[in-house]
>>> print(open('query00.txt').read())   # compact mmCIF, C-alpha atoms
# COMPACT_ATOMS: atom_id res chain seq x y z
CA MET U 1 -24.87 7.98 66.83
CA ILE U 2 -26.70 6.82 63.76
CA PHE U 3 -24.07 4.26 62.72
CA ASN U 4 -21.25 2.26 64.23
CA GLU U 5 -19.83 -0.11 61.64
CA VAL U 6 -16.86 -2.46 61.32
CA TYR U 7 -15.39 -3.03 57.87
CA TYR U 8 -12.69 -5.51 56.84
CA ARG U 9 -10.78 -4.37 53.75
CA THR U 10 -9.43 -7.88 53.19
CA ASP U 11 -10.65 -11.32 54.19
CA LYS U 12 -11.03 -11.33 57.98
CA SER U 13 -9.15 -14.64 58.24
CA GLU U 14 -6.04 -12.97 56.78
CA ILE U 15 -5.86 -10.40 59.57
CA ASN U 16 -3.92 -11.42 62.68
CA LEU U 17 -6.18 -9.78 65.27
CA GLN U 18 -5.42 -12.32 68.01
CA ASN U 19 -1.63 -12.28 68.07
CA GLY U 20 -0.67 -9.39 65.81
CA THR U 21 0.55 -5.97 66.80
CA GLU U 22 -1.91 -3.20 66.05
CA ILE U 23 -0.97 -0.23 63.91
CA PHE U 24 -3.63 2.34 64.79
CA ARG U 25 -4.87 5.45 63.04
CA ARG U 26 -7.71 7.75 64.06
CA ALA U 27 -9.50 10.06 61.63
CA ALA U 28 -12.17 12.76 61.88
CA ARG U 29 -14.54 13.37 58.96
CA ALA U 30 -17.10 16.13 58.44
CA VAL U 31 -20.73 15.69 57.39
CA ILE U 32 -21.62 19.14 56.09
CA MET U 33 -25.13 19.51 54.70
CA ASP U 34 -26.93 22.38 53.00
CA GLY U 35 -30.49 21.23 52.36
CA ASP U 36 -30.24 18.05 50.31
CA LYS U 37 -26.64 18.80 49.26
CA ILE U 38 -23.55 17.53 51.03
CA LEU U 39 -20.04 19.01 50.83
CA MET U 40 -17.67 16.36 49.53
CA ALA U 41 -14.28 16.18 47.87
CA HIS U 42 -14.75 14.72 44.40
CA LEU U 43 -11.70 12.76 43.30
CA GLY U 44 -11.51 13.50 39.58
CA LYS U 45 -8.93 10.83 38.82
CA THR U 46 -11.07 7.99 40.23
CA ASP U 47 -14.60 9.50 40.06
CA GLU U 48 -15.48 8.98 43.70
CA TYR U 49 -16.62 11.13 46.61
CA LYS U 50 -14.86 11.52 49.96
CA PHE U 51 -15.96 13.22 53.15
CA PRO U 52 -13.59 16.06 54.00
CA GLY U 53 -11.39 15.09 56.89
CA GLY U 54 -8.42 12.94 57.74
CA GLY U 55 -5.93 11.79 60.28
CA VAL U 56 -5.87 13.03 63.86
CA ALA U 57 -2.27 13.65 64.89
CA GLU U 58 -0.89 12.53 68.23
CA ASN U 59 -1.91 15.00 70.96
CA GLU U 60 -4.47 16.62 68.61
CA SER U 61 -8.21 16.71 69.27
CA ALA U 62 -10.69 15.43 66.69
CA GLU U 63 -12.13 18.95 66.51
CA THR U 64 -8.76 20.54 65.72
CA ALA U 65 -7.98 17.90 63.10
CA LEU U 66 -11.41 18.32 61.53
CA LYS U 67 -11.02 22.08 61.20
CA ARG U 68 -7.55 21.70 59.70
CA GLU U 69 -8.51 18.94 57.26
CA VAL U 70 -11.73 20.58 56.03
CA LEU U 71 -9.85 23.81 55.30
CA GLU U 72 -7.03 21.96 53.52
CA GLU U 73 -9.19 19.60 51.45
CA VAL U 74 -12.22 21.70 50.49
CA GLY U 75 -11.23 25.27 51.45
CA TYR U 76 -13.93 26.03 54.02
CA ASN U 77 -13.61 27.20 57.62
CA ILE U 78 -15.79 25.27 60.06
CA LEU U 79 -18.18 27.44 62.05
CA GLU U 80 -19.50 24.75 64.35
CA ILE U 81 -18.89 21.07 65.03
CA GLY U 82 -22.00 19.27 66.18
CA GLU U 83 -22.60 15.79 67.44
CA LYS U 84 -20.66 12.71 66.47
CA ILE U 85 -23.08 10.97 64.11
CA GLY U 86 -21.16 7.85 63.27
CA GLU U 87 -18.04 5.76 63.40
CA ILE U 88 -16.51 3.19 61.08
CA THR U 89 -13.69 0.92 62.22
CA GLU U 90 -11.60 -0.57 59.43
CA TYR U 91 -9.25 -3.53 59.70
CA ASP U 92 -6.70 -4.65 57.15
CA THR U 93 -3.46 -6.53 56.83
CA ALA U 94 -0.51 -4.24 57.47
CA GLN U 95 2.23 -3.43 55.01
CA GLU U 96 4.75 -3.91 57.81
CA GLY U 97 4.32 -7.71 57.77
CA GLU U 98 2.01 -10.52 58.88
CA GLN U 99 2.77 -9.98 62.59
CA PHE U 100 0.96 -6.61 62.32
CA TYR U 101 -2.55 -5.50 61.46
CA PHE U 102 -3.94 -2.09 60.57
CA LYS U 103 -6.89 -0.55 62.42
CA MET U 104 -8.40 2.81 61.58
CA VAL U 105 -11.31 4.44 63.38
CA SER U 106 -13.06 7.17 61.38
CA GLU U 107 -15.36 9.42 63.41
CA TYR U 108 -18.03 11.37 61.49
CA TYR U 109 -19.21 14.71 62.89
CA ALA U 110 -22.02 17.01 61.79
CA ALA U 111 -20.56 20.42 60.99
CA THR U 112 -21.38 23.76 59.46
CA VAL U 113 -19.04 25.95 57.44
CA GLU U 114 -18.70 29.60 56.47
CA SER U 115 -20.34 30.43 53.16
CA ARG U 116 -17.12 31.85 51.71
CA GLN U 117 -14.78 29.32 50.17
CA LEU U 118 -11.03 29.83 50.52
CA SER U 119 -8.12 28.13 48.77
CA GLN U 120 -7.42 24.46 49.19
CA HIS U 121 -4.04 23.35 50.54
CA LEU U 122 -3.73 19.85 49.14
CA GLU U 123 -1.04 17.32 49.84
CA GLU U 124 0.75 15.83 46.83
CA TYR U 125 -1.35 12.66 46.75
CA GLU U 126 -4.56 14.73 47.00
CA GLN U 127 -3.43 16.83 44.05
CA ALA U 128 -2.68 13.65 42.10
CA LEU U 129 -6.20 12.35 42.86
CA GLN U 130 -7.62 15.75 41.76
CA PHE U 131 -9.55 16.64 44.92
CA THR U 132 -12.26 19.14 43.96
CA PRO U 133 -14.73 20.51 46.53
CA CYS U 134 -18.36 20.19 45.50
CA TRP U 135 -21.85 20.41 46.90
CA VAL U 136 -23.54 17.27 45.59
CA ASP U 137 -26.84 15.53 46.16
CA ILE U 138 -26.14 12.81 48.74
CA GLU U 139 -27.93 10.19 46.64
CA THR U 140 -25.72 11.03 43.66
CA ALA U 141 -22.58 10.69 45.79
CA TYR U 142 -23.80 7.36 47.18
CA ARG U 143 -24.79 6.02 43.75
CA THR U 144 -21.48 7.08 42.15
CA ASN U 145 -19.41 5.49 44.92
CA SER U 146 -21.56 2.32 44.88
CA GLN U 147 -21.06 1.90 41.14
CA ASN U 148 -17.32 2.51 41.40
CA LYS U 149 -16.60 0.51 44.57
CA GLY U 150 -14.42 -2.49 43.84
CA LYS U 151 -12.91 -1.12 40.63
CA PHE U 152 -9.15 -1.53 40.59
CA ASP U 153 -8.21 2.14 40.39
CA LYS U 154 -10.30 3.37 43.34
CA THR U 155 -8.90 4.43 46.69
CA LEU U 156 -9.07 2.19 49.76
CA GLY U 157 -11.47 4.64 51.41
CA ILE U 158 -14.27 4.35 48.84
CA ALA U 159 -15.93 1.43 50.64
CA ARG U 160 -15.83 3.25 53.99
CA GLU U 161 -17.24 6.45 52.49
CA THR U 162 -19.97 4.51 50.66
CA ILE U 163 -21.00 2.82 53.91
CA ALA U 164 -21.23 6.20 55.67
CA LEU U 165 -23.21 7.79 52.81
CA GLY U 166 -25.64 4.86 52.84
CA LYS U 167 -26.15 5.02 56.60
CA ILE U 168 -26.81 8.76 56.47
CA LEU U 169 -29.31 8.26 53.62
CA ASP U 170 -31.03 5.41 55.50
CA SER U 171 -31.32 7.49 58.66
CA LYS U 172 -33.42 10.11 56.84
CA GLN U 173 -31.60 12.67 58.97
CA ILE U 174 -30.10 15.70 57.30
CA TYR U 175 -27.47 17.55 59.34
>>> encode(input="query00.txt", output="structure tokens")
Amino acid sequence: MIFNEVYYRTDKSEINLQNGTEIFRRAARAVIMDGDKILMAHLGKTDEYKFPGGGVAENESAETALKREVLEEVGYNILEIGEKIGEITEYDTAQEGEQFYFKMVSEYYAATVESRQLSQHLEEYEQALQFTPCWVDIETAYRTNSQNKGKFDKTLGIARETIALGKILDSKQIY
């Protein structure tokens, strides 16, 4: 793995890790490269880039979730899933109350896709954020997210995705 990061969305002291009840979510995200371009979902409403991928359902493998999410979000069938190249664990306060905390582990996998793009099958919130598949220079995606991170209208995932983009750029490895 080229990165294994922990990120606190809110002040660490506000999160009840010692005595709180964990609300856990696991996600699988695809790192799909073609030369110096990376396949991302551009969120038109907030001008940020997101790795295709999402939640792993109970009793679902990361591989199955990744194939489903990539097809839904960017309209490509995965040909091959390679090695797990990174992981980011996020902690936050939970909406359910102060006796809970939220933990999400996002696993990033190298993948390749078919050249033919199919239709997206976006959820309502993804449509509202205007998910558009695009092949973008990884430095452009990183720079855009870095400039937009912390702005009030951005999604909670922008910091996580910016961390992953930066780590991939720093590694000098193209998948």
>>> closest_residue(input="query00.txt", among="U:Ser13, U:Thr46, U:Thr93, U:Gln18", to="Ala128 (chain U)", atoms="all atoms listed in the file")
U:Thr46
>>> closest_residue(input="query00.txt", among="U:Ile15, U:Leu169, U:Ile163, U:Leu122", to="Glu72 (chain U)", atoms="only C-alpha atoms")
U:Leu122
>>> closest_residue(input="query00.txt", among="U:Thr21, U:Gln120, U:Asn4, U:Thr10", to="Gly150 (chain U)", atoms="only C-alpha atoms")
U:Thr10
>>> closest_residue(input="query00.txt", among="U:Gln99, U:Ser119, U:Thr162, U:Ser106", to="Ile138 (chain U)", atoms="only C-alpha atoms")
U:Thr162
>>> atom_distance(input="query00.txt", atom1="CA of Asn148 (chain U)", atom2="CA of Tyr76 (chain U)")
26.9 Å
>>> closest_residue(input="query00.txt", among="U:Tyr142, U:Tyr101, U:Tyr125, U:Phe131", to="Asn19 (chain U)", atoms="all atoms listed in the file")
U:Tyr101
>>> closest_residue(input="query00.txt", among="U:Lys167, U:Lys172, U:Arg25, U:Lys154", to="Leu43 (chain U)", atoms="all atoms listed in the file")
U:Lys154
>>> residues_around(input="query00.txt", residues="Arg160 (chain U)", least_positions_apart="4", cutoff="8 Å", atoms="all atoms listed in the file", output="ChimeraX atom specification")
/U:7,88,90,164
>>> write_last_selection(input="query00.txt", atoms="C-alpha atoms", output="JSON list (two decimals), keeping the file's coordinate frame")
[["chain", "number", "residue", "atom", "x", "y", "z"],
["U", 7, "TYR", "CA", -15.39, -3.03, 57.87],
["U", 88, "ILE", "CA", -16.51, 3.19, 61.08],
["U", 90, "GLU", "CA", -11.60, -0.57, 59.43],
["U", 164, "ALA", "CA", -21.23, 6.20, 55.67]]
>>> residues_near_point(input="query00.txt", point="(-20.2, 21.5, 46.8)", cutoff="12 Å", atoms="only C-alpha atoms", output="short mmCIF file (atom, residue, chain, number, x, y, z; two decimals) with C-alpha atoms, in the coordinates of the input")
data_model
loop_
_atom_site.label_atom_id
_atom_site.label_comp_id
_atom_site.auth_asym_id
_atom_site.auth_seq_id
_atom_site.Cartn_x
_atom_site.Cartn_y
_atom_site.Cartn_z
CA ILE U 32 -21.62 19.14 56.09
CA MET U 33 -25.13 19.51 54.70
CA ASP U 34 -26.93 22.38 53.00
CA GLY U 35 -30.49 21.23 52.36
CA ASP U 36 -30.24 18.05 50.31
CA LYS U 37 -26.64 18.80 49.26
CA ILE U 38 -23.55 17.53 51.03
CA LEU U 39 -20.04 19.01 50.83
CA MET U 40 -17.67 16.36 49.53
CA ALA U 41 -14.28 16.18 47.87
CA HIS U 42 -14.75 14.72 44.40
CA TYR U 49 -16.62 11.13 46.61
CA LYS U 50 -14.86 11.52 49.96
CA PHE U 51 -15.96 13.22 53.15
CA PRO U 52 -13.59 16.06 54.00
CA VAL U 74 -12.22 21.70 50.49
CA GLY U 75 -11.23 25.27 51.45
CA TYR U 76 -13.93 26.03 54.02
CA VAL U 113 -19.04 25.95 57.44
CA SER U 115 -20.34 30.43 53.16
CA ARG U 116 -17.12 31.85 51.71
CA GLN U 117 -14.78 29.32 50.17
CA PHE U 131 -9.55 16.64 44.92
CA THR U 132 -12.26 19.14 43.96
CA PRO U 133 -14.73 20.51 46.53
CA CYS U 134 -18.36 20.19 45.50
CA TRP U 135 -21.85 20.41 46.90
CA VAL U 136 -23.54 17.27 45.59
CA ASP U 137 -26.84 15.53 46.16
CA ILE U 138 -26.14 12.81 48.74
CA ALA U 141 -22.58 10.69 45.79
#
>>> atom_distance(input="query00.txt", atom1="CA of Val70 (chain U)", atom2="CA of Arg29 (chain U)")
8.3 Å
>>> residues_around(input="query00.txt", residues="Gly53 (chain U)", least_positions_apart="3", cutoff="8 Å", atoms="all atoms listed in the file", output="list in words")
Ala27, Ala28, Arg29, Ala30, Ala65, Leu66, Glu69, Val70 and Glu73 of chain U
>>> atom_distance(input="query00.txt", atom1="CA of Leu156 (chain U)", atom2="CA of Val105 (chain U)")
14.0 Å
>>> residues_around(input="query00.txt", residues="Arg26 (chain U)", least_positions_apart="2", cutoff="9 Å", atoms="all atoms listed in the file", output="ChimeraX atom specification")
/U:24,28,54-57,62,103-107
>>> decode(input="query00.txt", residues="region 18-39 of chain U", atoms="C-alpha atoms", output="mmCIF file, in the first residue's frame")
data_model
loop_
_atom_site.group_PDB
_atom_site.id
_atom_site.type_symbol
_atom_site.label_atom_id
_atom_site.label_comp_id
_atom_site.auth_asym_id
_atom_site.auth_seq_id
_atom_site.Cartn_x
_atom_site.Cartn_y
_atom_site.Cartn_z
ATOM 1 C CA GLN U 18 -13.265 5.944 24.091
ATOM 2 C CA ASN U 19 -16.839 5.446 25.278
ATOM 3 C CA GLY U 20 -18.956 6.034 22.198
ATOM 4 C CA THR U 21 -20.670 3.472 20.036
ATOM 5 C CA GLU U 22 -19.184 3.159 16.568
ATOM 6 C CA ILE U 23 -21.287 3.606 13.455
ATOM 7 C CA PHE U 24 -19.167 1.960 10.763
ATOM 8 C CA ARG U 25 -19.154 2.242 6.988
ATOM 9 C CA ARG U 26 -16.776 0.621 4.517
ATOM 10 C CA ALA U 27 -16.213 1.931 0.995
ATOM 11 C CA ALA U 28 -14.273 0.783 -2.073
ATOM 12 C CA ARG U 29 -12.886 3.364 -4.510
ATOM 13 C CA ALA U 30 -11.246 2.856 -7.909
ATOM 14 C CA VAL U 31 -7.981 4.396 -9.099
ATOM 15 C CA ILE U 32 -8.263 4.087 -12.867
ATOM 16 C CA MET U 33 -5.373 5.543 -14.849
ATOM 17 C CA ASP U 34 -4.768 5.953 -18.571
ATOM 18 C CA GLY U 35 -1.294 7.437 -18.958
ATOM 19 C CA ASP U 36 -1.274 10.664 -16.969
ATOM 20 C CA LYS U 37 -5.095 10.850 -16.888
ATOM 21 C CA ILE U 38 -7.285 9.510 -14.113
ATOM 22 C CA LEU U 39 -10.979 8.617 -14.354
#
